[in-house]
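Participant: Handing you a structure now.
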Amino acid sequence: KVSRAQQTQVGRALAHLGVALERKFAEANALIRLGDRVNAGLVLAEILDQIFDSFRSIIPYDRIGCSLLEDEGQTVRAVYSRQTGAPPGLGIGYRAPLAGSSLAGIIETGRPRIINDLEQYLREHPGSHSTRLVLSDGVRSSLTCPLVALGRRVGFVFFSSNRTGSYSERHVELLTLVAGQLSLVVEKGRIIERGDGCYVWDHQGK
């Protein structure tokens, strides 16, 4: 005979399974819609805006950023930055050398990085100017994933939260798939490069 405690335990397990399946269904639908937008030929800024507006139910964030590698991989330049509330201090056009930055490690390993307490990170890395900037914008945790196009790492996408401890490995799995779709858009922009070598990534080609 099944005890009441066992029945309760089974009920809780089924409830957790239901939540997990619902989350997976939402993630799958979001990725399908993202793929449709990529195939429709939307430019990078448009797709990132779509992600910002539609992914909040499955990934916690208050800010999304995207940076591309330039100068033969020597420089990182921010090409997209959007957050809730006031415009971000670390915005579009921000440039920094890749060498010596924490992003260089992500490029070398090709692995996403979670920082769940940026204030603690800055205490450990006081020379990180970009961390100071995002902290001043209210960001407290971040999840960064490299963009890889045709086997070549071409940039980064950043999901950031105003709360500490926002990210876990399950978010990494989903963001890696999102980054794969964004990499396709970056590669299309590379193919349609303007004569001055800049990516055509938004309506104005800026």
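By order of appearance in the structure tokens: chains A, B, ..., then residues from 1 within every chain, and ligands from 1 in the order shown.
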Using only C-alpha atoms, which protein or nucleic acid residues come within 6 Å of region 138-152 of chain A? Drop anything in the same chain fewer than 5 positions from it, and give the result as number ranges by chain.

Facilitator: A: 112-118, 157-164, 179, 183, 187

Participant: Keeping only all heavy atoms, write the selected residues to a file as a short mmCIF file (atom, residue, chain, number, x, y, z; two decimals), in the first residue's frame.

Facilitator:
```
data_model
loop_
_atom_site.label_atom_id
_atom_site.label_comp_id
_atom_site.auth_asym_id
_atom_site.auth_seq_id
_atom_site.Cartn_x
_atom_site.Cartn_y
_atom_site.Cartn_z
N PRO A 112 31.10 29.22 -22.84
CA PRO A 112 30.38 30.31 -22.19
C PRO A 112 30.89 30.52 -20.76
O PRO A 112 31.48 29.62 -20.16
CB PRO A 112 28.93 29.83 -22.19
CG PRO A 112 28.85 28.82 -23.27
CD PRO A 112 30.19 28.15 -23.28
N ARG A 113 30.65 31.72 -20.23
CA ARG A 113 31.10 32.05 -18.88
C ARG A 113 29.96 32.66 -18.08
O ARG A 113 29.24 33.53 -18.55
CB ARG A 113 32.25 33.05 -18.93
CG ARG A 113 32.77 33.48 -17.57
CD ARG A 113 33.69 34.68 -17.68
NE ARG A 113 32.97 35.87 -18.12
CZ ARG A 113 33.55 37.05 -18.39
NH1 ARG A 113 34.86 37.15 -18.30
NH2 ARG A 113 32.84 38.08 -18.77
N ILE A 114 29.81 32.17 -16.85
CA ILE A 114 28.84 32.72 -15.91
C ILE A 114 29.59 33.48 -14.82
O ILE A 114 30.54 32.96 -14.24
CB ILE A 114 27.98 31.62 -15.26
CG1 ILE A 114 27.08 30.96 -16.31
CG2 ILE A 114 27.15 32.17 -14.11
CD1 ILE A 114 26.32 29.75 -15.76
N ILE A 115 29.18 34.72 -14.57
CA ILE A 115 29.63 35.46 -13.39
C ILE A 115 28.38 35.84 -12.62
O ILE A 115 27.60 36.69 -13.07
CB ILE A 115 30.44 36.71 -13.75
CG1 ILE A 115 31.68 36.35 -14.56
CG2 ILE A 115 30.86 37.46 -12.48
CD1 ILE A 115 32.50 37.55 -15.00
N ASN A 116 28.17 35.21 -11.49
CA ASN A 116 26.94 35.43 -10.74
C ASN A 116 27.04 36.49 -9.65
O ASN A 116 26.06 36.78 -8.97
CB ASN A 116 26.44 34.11 -10.14
CG ASN A 116 25.44 33.42 -11.05
OD1 ASN A 116 24.66 34.08 -11.74
ND2 ASN A 116 25.46 32.09 -11.06
N ASP A 117 28.23 37.09 -9.51
CA ASP A 117 28.39 38.20 -8.57
C ASP A 117 29.47 39.12 -9.12
O ASP A 117 30.67 38.95 -8.85
CB ASP A 117 28.77 37.68 -7.18
CG ASP A 117 28.75 38.78 -6.12
OD1 ASP A 117 28.79 39.97 -6.50
OD2 ASP A 117 28.69 38.45 -4.91
N LEU A 118 29.05 40.13 -9.90
CA LEU A 118 30.01 41.01 -10.56
C LEU A 118 30.74 41.92 -9.57
O LEU A 118 31.87 42.34 -9.82
CB LEU A 118 29.30 41.84 -11.62
CG LEU A 118 29.02 41.08 -12.92
CD1 LEU A 118 28.01 41.83 -13.77
CD2 LEU A 118 30.30 40.84 -13.70
N VAL A 157 27.86 37.35 -27.26
CA VAL A 157 26.55 37.83 -26.85
C VAL A 157 26.50 37.77 -25.33
O VAL A 157 27.00 36.82 -24.72
CB VAL A 157 25.41 37.02 -27.50
CG1 VAL A 157 25.48 35.55 -27.14
CG2 VAL A 157 24.05 37.61 -27.11
N PHE A 158 25.95 38.81 -24.72
CA PHE A 158 25.93 38.95 -23.26
C PHE A 158 24.48 39.04 -22.76
O PHE A 158 23.74 39.90 -23.23
CB PHE A 158 26.66 40.22 -22.81
CG PHE A 158 28.02 40.41 -23.42
CD1 PHE A 158 28.16 41.11 -24.61
CD2 PHE A 158 29.16 39.91 -22.81
CE1 PHE A 158 29.41 41.31 -25.18
CE2 PHE A 158 30.41 40.11 -23.36
CZ PHE A 158 30.54 40.80 -24.55
N PHE A 159 24.13 38.19 -21.84
CA PHE A 159 22.88 38.33 -21.11
C PHE A 159 23.24 38.76 -19.70
O PHE A 159 24.09 38.13 -19.06
CB PHE A 159 22.10 37.02 -21.07
CG PHE A 159 21.34 36.72 -22.34
CD1 PHE A 159 22.00 36.38 -23.50
CD2 PHE A 159 19.95 36.80 -22.37
CE1 PHE A 159 21.31 36.12 -24.67
CE2 PHE A 159 19.25 36.54 -23.53
CZ PHE A 159 19.93 36.20 -24.69
N SER A 160 22.61 39.83 -19.20
CA SER A 160 22.97 40.37 -17.89
C SER A 160 21.72 40.62 -17.06
O SER A 160 20.67 41.00 -17.59
CB SER A 160 23.75 41.67 -18.04
OG SER A 160 24.89 41.48 -18.86
N SER A 161 21.86 40.43 -15.76
CA SER A 161 20.74 40.60 -14.83
C SER A 161 21.11 41.60 -13.74
O SER A 161 22.28 41.72 -13.36
CB SER A 161 20.37 39.26 -14.20
OG SER A 161 19.46 39.42 -13.14
N ASN A 162 20.12 42.30 -13.24
CA ASN A 162 20.33 43.23 -12.13
C ASN A 162 20.34 42.53 -10.77
O ASN A 162 20.44 43.19 -9.74
CB ASN A 162 19.25 44.32 -12.13
CG ASN A 162 19.36 45.24 -13.33
OD1 ASN A 162 20.39 45.27 -14.02
ND2 ASN A 162 18.30 45.97 -13.61
N ARG A 163 20.24 41.22 -10.79
CA ARG A 163 20.26 40.43 -9.55
C ARG A 163 21.45 39.47 -9.57
O ARG A 163 21.81 38.95 -10.63
CB ARG A 163 18.95 39.64 -9.40
CG ARG A 163 17.72 40.52 -9.17
CD ARG A 163 16.43 39.79 -9.49
NE ARG A 163 16.36 39.46 -10.90
CZ ARG A 163 15.99 40.33 -11.84
NH1 ARG A 163 15.71 41.58 -11.54
NH2 ARG A 163 15.95 39.97 -13.11
N THR A 164 22.03 39.22 -8.41
CA THR A 164 23.10 38.23 -8.32
C THR A 164 22.52 36.83 -8.43
O THR A 164 21.34 36.60 -8.14
CB THR A 164 23.86 38.37 -6.98
OG1 THR A 164 22.92 38.21 -5.90
CG2 THR A 164 24.52 39.73 -6.87
N ALA A 179 23.19 31.65 -29.53
CA ALA A 179 24.43 32.18 -30.10
C ALA A 179 24.71 31.57 -31.47
O ALA A 179 25.23 32.25 -32.37
CB ALA A 179 25.60 31.92 -29.16
N SER A 183 25.27 33.77 -34.78
CA SER A 183 26.50 33.64 -35.56
C SER A 183 26.21 33.56 -37.05
O SER A 183 26.98 34.07 -37.87
CB SER A 183 27.27 32.40 -35.10
OG SER A 183 27.66 32.51 -33.74
N GLU A 187 27.73 36.02 -39.89
CA GLU A 187 28.42 35.52 -41.07
C GLU A 187 27.79 36.07 -42.34
O GLU A 187 28.50 36.42 -43.30
CB GLU A 187 28.40 33.99 -41.09
CG GLU A 187 29.22 33.37 -42.21
CD GLU A 187 30.68 33.79 -42.19
OE1 GLU A 187 31.21 34.11 -41.11
OE2 GLU A 187 31.30 33.82 -43.28
#
```

Participant: Any idea what the distance is between CA of Gly89 (chain A) and CA of Ser136 (chain A)?

Facilitator: 7.6 Å

Participant: Among region 92-201 of chain A, which residues carry a DSSP assignment of strand (DSSP E or B), reported as a list in words?

Facilitator: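 Assigned to strand (DSSP E or B), within region 92-201 of chain A: Arg95, Ala96, Pro97, Arg113, Ile114, Ile115, Ser141, Ser142, Leu143, Thr144, Cys145, Pro146, Leu147, Val148, Ala149, Arg152, Arg153, Val154, Gly155, Phe156, Val157, Phe158, Phe159, Ser160 and Ser161 of chain A.
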
Participant: At what distance in Å, to one decimal, does CA of Val186 (chain A) lie from CA of Gly110 (chain A)?

Facilitator: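 Going from CA of Gly110 (chain A) over to CA of Val186 (chain A) covers 16.8 Å.
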
Participant: By how many Å are CA of Gln83 (chain A) and CA of Gly65 (chain A) apart?

Facilitator: 8.5 Å

Participant: Which one of A:Gly155, A:Gly165, A:Gly73, A:Pro60 sits closest to Gln120 (chain A) if you count only C-alpha atoms?

Facilitator: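 Closest candidate: A:Gly165.
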
Participant: Just list as a PyMOL selection string whatever in region 11-185 of chain A DSSP marks as helix (DSSP H, G or I).

Facilitator: chain A and resi 11-39+44-54+102-109+118-124+129-136+169-185

Participant: With distances taken over only C-alpha atoms, which of A:Arg82, A:Ser54, A:Leu135, A:Arg153 is nearest to Glu70 (chain A)?

Facilitator: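 Among the listed residues, the smallest separation from Glu70 (chain A) belongs to A:Arg153.
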
Participant: Hey, which of A:Pro87, A:Asp71, A:Leu184, A:Val178 ends up closest to Ile51 (chain A)? Count only C-alpha atoms.

Facilitator: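 Looking at the shortest contact to Ile51 (chain A), the residue is A:Val178.
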